[in-house]
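Just input.cif here, mmCIF, C-alpha atoms:
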```cif
data_start
#
loop_
_atom_site.label_atom_id
_atom_site.label_comp_id
_atom_site.auth_asym_id
_atom_site.auth_seq_id
_atom_site.Cartn_x
_atom_site.Cartn_y
_atom_site.Cartn_z
CA MET Y 255 104.26 48.61 189.58
CA THR Y 256 104.58 52.28 188.60
CA GLU Y 257 101.92 54.20 186.74
CA ILE Y 258 102.51 57.77 185.56
CA LEU Y 259 99.83 60.38 184.99
CA VAL Y 260 100.82 63.47 182.98
CA LEU Y 261 98.86 66.67 183.58
CA VAL Y 262 98.55 68.12 180.09
CA ASP Y 263 98.41 71.81 179.27
CA HIS Y 264 96.78 72.65 175.93
CA ASP Y 265 95.56 75.53 173.79
CA GLY Y 266 92.06 74.19 173.21
CA THR Y 267 92.98 72.14 170.15
CA SER Y 268 96.28 70.38 170.88
CA PRO Y 269 98.73 69.78 173.74
CA LYS Y 270 101.35 72.46 174.27
CA LYS Y 271 104.97 71.77 173.45
CA VAL Y 272 105.99 71.31 177.10
CA SER Y 273 103.29 68.67 177.61
CA ASN Y 274 104.48 66.70 174.59
CA GLN Y 275 108.00 66.87 176.03
CA ILE Y 276 106.81 65.54 179.39
CA LEU Y 277 104.79 62.74 177.76
CA THR Y 278 107.88 61.72 175.79
CA ALA Y 279 109.97 61.75 178.96
CA ALA Y 280 107.38 59.67 180.83
CA GLY Y 281 107.34 57.11 178.04
CA GLY Y 282 111.08 56.62 178.37
CA LEU Y 283 111.08 55.91 182.11
CA GLY Y 284 110.04 52.29 181.84
CA ALA Y 285 106.79 52.71 183.79
CA ASP Y 286 104.04 50.10 183.59
CA ALA Y 287 101.62 52.66 182.17
CA VAL Y 288 101.58 56.30 181.03
CA THR Y 289 98.28 58.13 180.90
CA ALA Y 290 97.26 61.76 180.50
CA ALA Y 291 94.85 64.12 182.26
CA VAL Y 292 93.37 66.82 180.02
CA PHE Y 293 90.98 69.43 181.43
CA GLY Y 294 89.11 72.51 180.25
CA LYS Y 295 87.31 73.70 177.15
CA GLY Y 296 88.61 71.88 174.10
CA ALA Y 297 90.10 69.07 176.18
CA SER Y 298 88.48 66.35 174.07
CA GLU Y 299 90.07 67.66 170.89
CA ALA Y 300 93.43 68.24 172.57
CA ALA Y 301 93.41 64.74 174.09
CA ALA Y 302 93.44 63.22 170.62
CA GLY Y 303 97.07 64.26 170.31
CA VAL Y 304 98.50 62.69 173.48
CA GLY Y 305 98.72 59.18 172.07
CA ALA Y 306 101.36 60.23 169.57
CA TYR Y 307 103.66 61.11 172.45
CA GLY Y 308 103.26 57.93 174.45
CA ALA Y 309 100.03 58.09 176.46
CA SER Y 310 97.90 54.95 176.28
CA LYS Y 311 94.84 56.60 177.79
CA ALA Y 312 93.56 60.14 178.35
CA TRP Y 313 91.30 61.08 181.25
CA VAL Y 314 89.29 64.02 179.93
CA TRP Y 315 87.11 66.63 181.61
CA ASP Y 316 85.90 68.85 178.76
CA ALA Y 317 84.01 71.42 180.82
CA SER Y 318 83.87 75.20 180.84
CA GLU Y 319 83.91 75.16 184.66
CA ALA Y 320 87.61 74.29 184.49
CA ASP Y 321 88.30 77.70 182.97
CA GLU Y 322 85.55 79.83 184.50
CA TYR Y 323 86.76 79.52 188.08
CA ASP Y 324 90.00 79.58 190.04
CA THR Y 325 92.14 76.44 190.38
CA GLU Y 326 89.71 74.46 192.56
CA PRO Y 327 87.72 72.80 189.72
CA ARG Y 328 90.94 71.48 188.20
CA VAL Y 329 92.02 70.24 191.63
CA ALA Y 330 88.81 68.22 191.79
CA ALA Y 331 89.40 66.95 188.25
CA LEU Y 332 93.02 65.94 188.94
CA THR Y 333 91.91 64.16 192.13
CA ALA Y 334 89.31 62.26 190.11
CA ALA Y 335 91.89 61.36 187.43
CA LEU Y 336 94.26 60.06 190.10
CA GLU Y 337 91.56 57.87 191.59
CA ALA Y 338 90.49 56.57 188.18
CA SER Y 339 94.02 55.87 186.91
CA GLY Y 340 95.56 54.56 190.12
CA ALA Y 341 98.75 56.48 189.23
CA ASP Y 342 101.41 56.88 191.88
CA VAL Y 343 103.43 59.49 189.94
CA VAL Y 344 102.16 62.75 188.42
CA LEU Y 345 104.31 64.75 186.02
CA TYR Y 346 103.25 68.29 185.18
CA PRO Y 347 104.59 71.47 183.51
CA ALA Y 348 106.53 73.55 186.04
CA GLU Y 349 104.53 76.73 185.52
CA PRO Y 350 102.52 78.77 188.06
CA PHE Y 351 98.95 77.67 187.31
CA ALA Y 352 99.69 73.94 187.10
CA SER Y 353 101.87 74.22 190.20
CA ASP Y 354 98.96 75.73 192.13
CA VAL Y 355 96.63 72.93 191.03
CA VAL Y 356 99.19 70.27 191.93
CA ALA Y 357 100.02 71.74 195.35
CA ARG Y 358 96.37 71.72 196.41
CA THR Y 359 95.85 68.21 195.04
CA ALA Y 360 98.96 66.88 196.81
CA VAL Y 361 97.68 68.16 200.16
CA ARG Y 362 94.39 66.35 199.67
CA CYS Y 363 95.98 63.00 198.81
CA ASN Y 364 98.92 63.31 201.23
CA GLY Y 365 101.40 63.41 198.35
CA GLY Y 366 104.78 65.07 197.95
CA VAL Y 367 105.79 67.74 195.43
CA ILE Y 368 109.12 68.30 193.66
CA GLY Y 369 109.15 71.41 191.48
CA ASP Y 370 111.35 72.66 188.62
CA ALA Y 371 113.01 69.35 187.81
CA SER Y 372 115.36 69.23 184.84
CA GLU Y 373 115.55 65.43 184.79
CA VAL Y 374 113.51 62.55 186.14
CA GLU Y 375 114.16 58.80 186.39
CA LEU Y 376 112.74 55.68 187.99
CA SER Y 377 114.90 53.85 190.53
CA ASP Y 378 113.51 50.71 192.20
CA GLY Y 379 110.00 51.84 191.33
CA GLU Y 380 110.45 55.31 192.83
CA VAL Y 381 110.76 58.54 190.89
CA VAL Y 382 114.00 60.46 191.41
CA ALA Y 383 114.16 64.08 190.23
CA THR Y 384 117.20 66.23 189.51
CA LYS Y 385 116.89 69.98 190.03
CA GLN Y 386 119.10 73.01 190.49
CA ILE Y 387 119.04 74.80 193.84
CA PHE Y 388 120.57 77.91 195.41
CA GLY Y 389 120.29 79.88 192.21
CA GLY Y 390 121.85 77.08 190.21
CA ASP Y 391 125.01 76.80 192.30
CA MET Y 392 124.16 73.23 193.33
CA VAL Y 393 122.37 70.24 191.85
CA SER Y 394 119.98 68.23 194.02
CA ARG Y 395 118.62 64.72 193.51
CA CYS Y 396 115.47 64.13 195.48
CA LYS Y 397 112.48 61.84 195.79
CA VAL Y 398 109.15 61.75 197.58
CA LYS Y 399 108.81 59.63 200.71
CA ALA Y 400 107.87 56.05 199.91
CA GLY Y 401 104.16 55.29 199.91
CA ARG Y 402 103.09 58.78 198.86
CA THR Y 403 102.00 59.99 195.44
CA ALA Y 404 104.90 61.85 193.83
CA PHE Y 405 104.13 65.08 191.95
CA VAL Y 406 107.08 66.27 189.84
CA GLY Y 407 107.13 69.51 187.88
CA ILE Y 408 109.25 69.37 184.70
CA LYS Y 409 110.87 72.52 183.31
CA PRO Y 410 110.09 73.44 179.69
CA ASN Y 411 112.61 72.15 177.14
CA ALA Y 412 114.20 69.78 179.65
CA TYR Y 413 113.34 67.02 177.15
CA SER Y 414 112.66 66.80 173.43
CA ALA Y 415 109.20 65.86 172.17
CA GLU Y 416 109.21 62.76 169.97
CA ALA Y 417 106.03 61.72 168.19
CA GLN Y 418 105.13 58.14 167.30
CA ASP Y 419 103.38 57.79 163.96
CA GLY Y 420 99.96 56.19 164.16
CA ALA Y 421 99.86 55.92 167.96
CA THR Y 422 96.55 56.78 169.61
CA ALA Y 423 95.18 56.97 173.14
CA GLU Y 424 91.91 55.72 174.56
CA ILE Y 425 89.74 58.70 175.55
CA VAL Y 426 87.82 58.34 178.82
CA ALA Y 427 85.46 61.04 180.06
CA LEU Y 428 85.78 61.90 183.75
CA ASP Y 429 82.78 62.55 185.97
CA VAL Y 430 83.84 65.49 188.16
CA GLU Y 431 81.61 66.73 190.95
CA LEU Y 432 82.14 70.30 192.15
CA ASP Y 433 81.17 71.48 195.62
CA ASP Y 434 80.59 75.06 196.74
CA ARG Y 435 84.26 75.44 197.62
CA ALA Y 436 85.26 74.86 194.00
CA THR Y 437 83.16 77.72 192.67
CA ARG Y 438 83.88 80.40 195.27
CA VAL Y 439 86.25 82.37 193.04
CA LYS Y 440 85.13 83.12 189.48
CA VAL Y 441 87.31 84.43 186.68
CA THR Y 442 85.67 87.64 185.46
CA GLU Y 443 88.12 88.67 182.75
CA VAL Y 444 91.07 87.24 180.83
CA VAL Y 445 93.38 89.66 179.02
CA GLU Y 446 95.40 88.04 176.26
CA GLU Y 447 98.88 89.45 175.70
CA ASP Y 448 99.72 90.53 172.17
CA ALA Y 449 102.98 88.68 171.61
CA GLY Y 450 103.43 90.16 168.15
CA GLY Y 451 103.42 86.71 166.58
CA ARG Y 452 106.39 85.56 168.67
CA PRO Y 453 106.40 82.22 170.53
CA GLU Y 454 105.53 82.05 174.23
CA MET Y 455 108.74 82.57 176.18
CA THR Y 456 108.75 79.43 178.34
CA GLU Y 457 108.16 77.21 175.30
CA ALA Y 458 110.38 79.03 172.81
CA SER Y 459 113.37 77.17 171.33
CA MET Y 460 115.22 80.49 171.02
CA ILE Y 461 115.17 83.63 173.19
CA VAL Y 462 116.81 87.02 172.72
CA ALA Y 463 116.96 88.96 175.99
CA GLY Y 464 117.94 92.52 176.78
CA GLY Y 465 119.21 94.12 179.97
CA ARG Y 466 120.41 97.32 181.56
CA GLY Y 467 123.13 97.66 178.92
CA LEU Y 468 120.50 98.62 176.33
CA GLY Y 469 120.40 102.03 177.99
CA ASP Y 470 116.69 102.71 177.42
CA ALA Y 471 113.42 101.21 176.23
CA LYS Y 472 114.21 102.04 172.60
CA GLY Y 473 117.04 99.53 172.72
CA PHE Y 474 114.48 96.72 172.83
CA GLU Y 475 113.54 97.56 169.24
CA LEU Y 476 116.91 96.08 168.22
CA VAL Y 477 116.36 93.06 170.48
CA GLU Y 478 112.93 92.51 168.91
CA GLU Y 479 114.40 92.83 165.43
CA LEU Y 480 116.91 90.06 166.10
CA ALA Y 481 114.22 87.93 167.76
CA ASP Y 482 111.91 88.30 164.76
CA ALA Y 483 114.73 87.43 162.35
CA LEU Y 484 115.40 84.23 164.32
CA GLY Y 485 111.77 83.40 165.10
CA ALA Y 486 112.59 83.77 168.77
CA ALA Y 487 110.84 85.05 171.88
CA VAL Y 488 111.92 88.25 173.67
CA GLY Y 489 113.06 88.26 177.30
CA ALA Y 490 114.38 90.85 179.71
CA SER Y 491 116.39 91.15 182.89
CA ARG Y 492 114.82 92.43 186.09
CA ALA Y 493 116.75 95.71 185.78
CA ALA Y 494 115.13 96.31 182.38
CA THR Y 495 111.60 95.47 183.50
CA ASP Y 496 111.91 97.46 186.74
CA ALA Y 497 113.01 100.44 184.67
CA GLY Y 498 109.81 100.12 182.64
CA TRP Y 499 111.63 99.34 179.42
CA TYR Y 500 109.78 96.05 178.81
CA PRO Y 501 106.70 94.34 180.30
CA HIS Y 502 107.26 92.40 183.52
CA GLN Y 503 105.79 89.20 182.09
CA HIS Y 504 108.97 88.92 180.01
CA GLN Y 505 111.29 89.00 183.02
CA ILE Y 506 113.70 86.06 183.26
CA GLY Y 507 115.27 85.10 186.56
CA GLN Y 508 114.72 83.98 190.11
CA THR Y 509 111.77 86.37 190.55
CA GLY Y 510 110.64 86.02 186.94
CA LYS Y 511 110.27 83.12 184.55
CA THR Y 512 112.59 80.15 184.25
CA VAL Y 513 113.47 79.26 180.66
CA ALA Y 514 115.61 76.60 179.00
CA PRO Y 515 115.67 77.25 175.25
CA GLN Y 516 118.02 75.64 172.76
CA LEU Y 517 119.57 79.08 172.17
CA TYR Y 518 119.68 82.02 174.58
CA ILE Y 519 121.18 85.34 173.46
CA GLY Y 520 121.70 87.91 176.20
CA ALA Y 521 122.46 91.47 175.09
CA GLY Y 522 123.57 94.01 177.68
CA ILE Y 523 122.89 91.61 180.56
CA SER Y 524 125.59 91.43 183.23
CA GLY Y 525 124.42 88.04 184.53
CA ALA Y 526 123.69 88.55 188.21
CA ILE Y 527 123.02 85.27 190.02
CA GLN Y 528 119.27 86.03 190.17
CA HIS Y 529 119.13 86.25 186.37
CA ARG Y 530 121.34 83.22 185.79
CA ALA Y 531 119.01 81.13 187.96
CA GLY Y 532 116.31 81.60 185.34
CA MET Y 533 118.27 80.78 182.18
CA GLN Y 534 121.49 78.90 182.84
CA THR Y 535 120.04 75.54 181.83
CA SER Y 536 119.72 76.83 178.25
CA GLN Y 537 121.46 74.47 175.84
CA ARG Y 538 123.52 77.22 174.16
CA ILE Y 539 124.19 80.64 175.70
CA VAL Y 540 125.52 83.62 173.75
CA ALA Y 541 126.47 86.70 175.78
CA ILE Y 542 127.06 90.16 174.34
CA ASN Y 543 128.47 92.71 176.78
CA LYS Y 544 131.14 95.41 176.62
CA ASP Y 545 132.32 94.50 180.14
CA ALA Y 546 134.73 91.59 179.75
CA GLU Y 547 134.35 90.82 183.47
CA ALA Y 548 130.56 90.46 183.34
CA PRO Y 549 129.46 87.33 185.29
CA ILE Y 550 127.36 86.05 182.39
CA PHE Y 551 130.54 85.16 180.49
CA SER Y 552 131.26 82.47 183.10
CA ILE Y 553 128.33 80.38 181.81
CA ALA Y 554 128.31 81.47 178.16
CA ASP Y 555 129.17 79.04 175.36
CA LEU Y 556 130.06 82.03 173.19
CA GLY Y 557 130.95 85.46 174.53
CA VAL Y 558 131.22 88.65 172.50
CA VAL Y 559 132.96 91.53 174.25
CA GLY Y 560 131.73 94.67 172.55
CA ASP Y 561 129.07 97.37 172.29
CA LEU Y 562 125.77 95.63 171.54
CA TYR Y 563 124.78 98.52 169.26
CA THR Y 564 127.80 97.64 167.14
CA VAL Y 565 127.40 93.88 167.37
CA LEU Y 566 123.64 93.36 166.91
CA PRO Y 567 122.87 95.26 163.64
CA PRO Y 568 125.24 93.19 161.43
CA LEU Y 569 124.04 90.04 163.25
CA VAL Y 570 120.45 90.89 162.36
CA GLU Y 571 121.38 91.46 158.73
CA ALA Y 572 123.37 88.19 158.59
CA VAL Y 573 120.45 86.21 160.02
CA LYS Y 574 117.99 87.79 157.58
CA LYS Y 575 120.28 87.02 154.67
CA ARG Y 576 120.66 83.37 155.73
CA ARG Y 577 116.90 82.95 156.03
CA GLN Y 578 116.05 84.38 152.62
#
```
Take the structure in the file and write it out as structure tokens.
Amino acid sequence: MTEILVLVDHDGTSPKKVSNQILTAAGGLGADAVTAAVFGKGASEAAAGVGAYGASKAWVWDASEADEYDTEPRVAALTAALEASGADVVLYPAEPFASDVVARTAVRCNGGVIGDASEVELSDGEVVATKQIFGGDMVSRCKVKAGRTAFVGIKPNAYSAEAQDGATAEIVALDVELDDRATRVKVTEVVEEDAGGRPEMTEASMIVAGGRGLGDAKGFELVEELADALGAAVGASRAATDAGWYPHQHQIGQTGKTVAPQLYIGAGISGAIQHRAGMQTSQRIVAINKDAEAPIFSIADLGVVGDLYTVLPPLVEAVKKRRQ
């Protein structure tokens, strides 16, 4: 008997796209039960949406303490949800905050963690995860030792979210007790990034990224123009962020964010292995670079050899015209 618990990330009113994707994936694994864990302010409202994506029950802790302190309150809540659900598999979004919560929880319950999985399946009642390793040069299939709770982080856009009309989930409030350890570190300030109306990068279906080939920070104005025409997010290579041309939170790569959009357009990015590790699982990759030998062309579905300042302006105009 295999029961799956999905740790849901939400915006205070509804589950985020990546959580809906994970719930859909969990529902297709053939488990005996799929439930959700929803924590933080607005969790009760957000939990109402998990049934449409396959969860039969939602364990909810709608408390401000989940957001006012460091990860420890959510660790306590996830531990309580595990005990209440009896789940032996936990799926969660492979992003820093959730990964921190999961790592601490796994230590407490003697579980095992597999991060950044691009695919997950059940084999003889055990979860098997597929992930890329060594900067994407190899693919690994791995599983947690038998008898231990398996925690598997799923990369954004690894699956499609598929809603079921009329499906609902039973909402169950969790009783979470916090000790002094859980409230040692308090969040004193949260600074929201102004994304200019663009989607969050790790959840975006399309990304336009710029690199060293832009020449300077002003070049990102053209990247942003194409992104806005497409309704895409904006990314950057490490060379561009280190040069101060674009904020570091938009860096894609081994030391930045890992993304897997349906469409990735890289302009002026050579495609060093560290960058490719963060984007090569994108469904469609378009590379624009005047160096025909640039490594990024080796993984591109479509490569344009040319000066990006010649290629991008007519592309922007063509996209705008098609969307009118």
Quiz item: What is the atom CA of Asp370 of chain Y to atom CA of Val329 of chain Y distance in Å?
Solution: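 Value for the atom CA of Asp370 of chain Y-atom CA of Val329 of chain Y distance: 19.7 Å.
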Practice problem: Any chance you could resolve the PyMOL selection byres ((chain Y and resi 363) around 10) against this file and give the residues as a list of chain:residue names? | Solution: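 The output of the PyMOL selection byres ((chain Y and resi 363) around 10) on this file is Y:Thr333, Y:Leu336, Y:Glu337, Y:Arg358, Y:Thr359, Y:Ala360, Y:Val361, Y:Arg362, Y:Asn364, Y:Gly365, Y:Gly366, Y:Arg402, Y:Thr403.
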Quiz prompt | Tyr307 of chain Y environment, 6 Å, only C-alpha atoms, sequence neighbours closer than 2 positions dropped, as a VMD selection string | solution = chain Y and resid 277 to 278 304 to 305 417
Practice problem: Decode the PyMOL selection byres ((chain Y and resi 541) around 9) for the given file into explicit residues and return them as number ranges by chain. | Solution: Y: 518-524, 539-540, 542-543, 550-551, 553-559
Spell out the residues picked by the PyMOL selection byres ((chain Y and resi 505) around 10) here, as an mmCIF file with C-alpha atoms, in the frame of the given file.
```cif
data_model
loop_
_atom_site.group_PDB
_atom_site.id
_atom_site.type_symbol
_atom_site.label_atom_id
_atom_site.label_comp_id
_atom_site.auth_asym_id
_atom_site.auth_seq_id
_atom_site.Cartn_x
_atom_site.Cartn_y
_atom_site.Cartn_z
ATOM 1 C CA MET Y 455 108.740 82.570 176.180
ATOM 2 C CA ALA Y 463 116.960 88.960 175.990
ATOM 3 C CA GLY Y 464 117.940 92.520 176.780
ATOM 4 C CA GLY Y 465 119.210 94.120 179.970
ATOM 5 C CA VAL Y 488 111.920 88.250 173.670
ATOM 6 C CA GLY Y 489 113.060 88.260 177.300
ATOM 7 C CA ALA Y 490 114.380 90.850 179.710
ATOM 8 C CA SER Y 491 116.390 91.150 182.890
ATOM 9 C CA ARG Y 492 114.820 92.430 186.090
ATOM 10 C CA ALA Y 493 116.750 95.710 185.780
ATOM 11 C CA ALA Y 494 115.130 96.310 182.380
ATOM 12 C CA THR Y 495 111.600 95.470 183.500
ATOM 13 C CA ASP Y 496 111.910 97.460 186.740
ATOM 14 C CA TYR Y 500 109.780 96.050 178.810
ATOM 15 C CA PRO Y 501 106.700 94.340 180.300
ATOM 16 C CA HIS Y 502 107.260 92.400 183.520
ATOM 17 C CA GLN Y 503 105.790 89.200 182.090
ATOM 18 C CA HIS Y 504 108.970 88.920 180.010
ATOM 19 C CA ILE Y 506 113.700 86.060 183.260
ATOM 20 C CA GLY Y 507 115.270 85.100 186.560
ATOM 21 C CA GLN Y 508 114.720 83.980 190.110
ATOM 22 C CA THR Y 509 111.770 86.370 190.550
ATOM 23 C CA GLY Y 510 110.640 86.020 186.940
ATOM 24 C CA LYS Y 511 110.270 83.120 184.550
ATOM 25 C CA THR Y 512 112.590 80.150 184.250
ATOM 26 C CA HIS Y 529 119.130 86.250 186.370
ATOM 27 C CA GLY Y 532 116.310 81.600 185.340
#
```
Quiz item: Using all atoms listed in the file, which residue out of Y:Gly266, Y:Pro350, Y:Gly469, Y:Gly560 lies closest to Gly407 of chain Y?
Solution: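 Using all atoms listed in the file, Gly407 of chain Y sits closest to Y:Pro350.
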Quiz item: Taking into account all atoms listed in the file, which residue in the set Y:Glu326, Y:Glu319, Y:Glu349, Y:Asp545 is nearest to Thr456 of chain Y?
Solution: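 Ranked by minimum distance to Thr456 of chain Y, first place goes to Y:Glu349.
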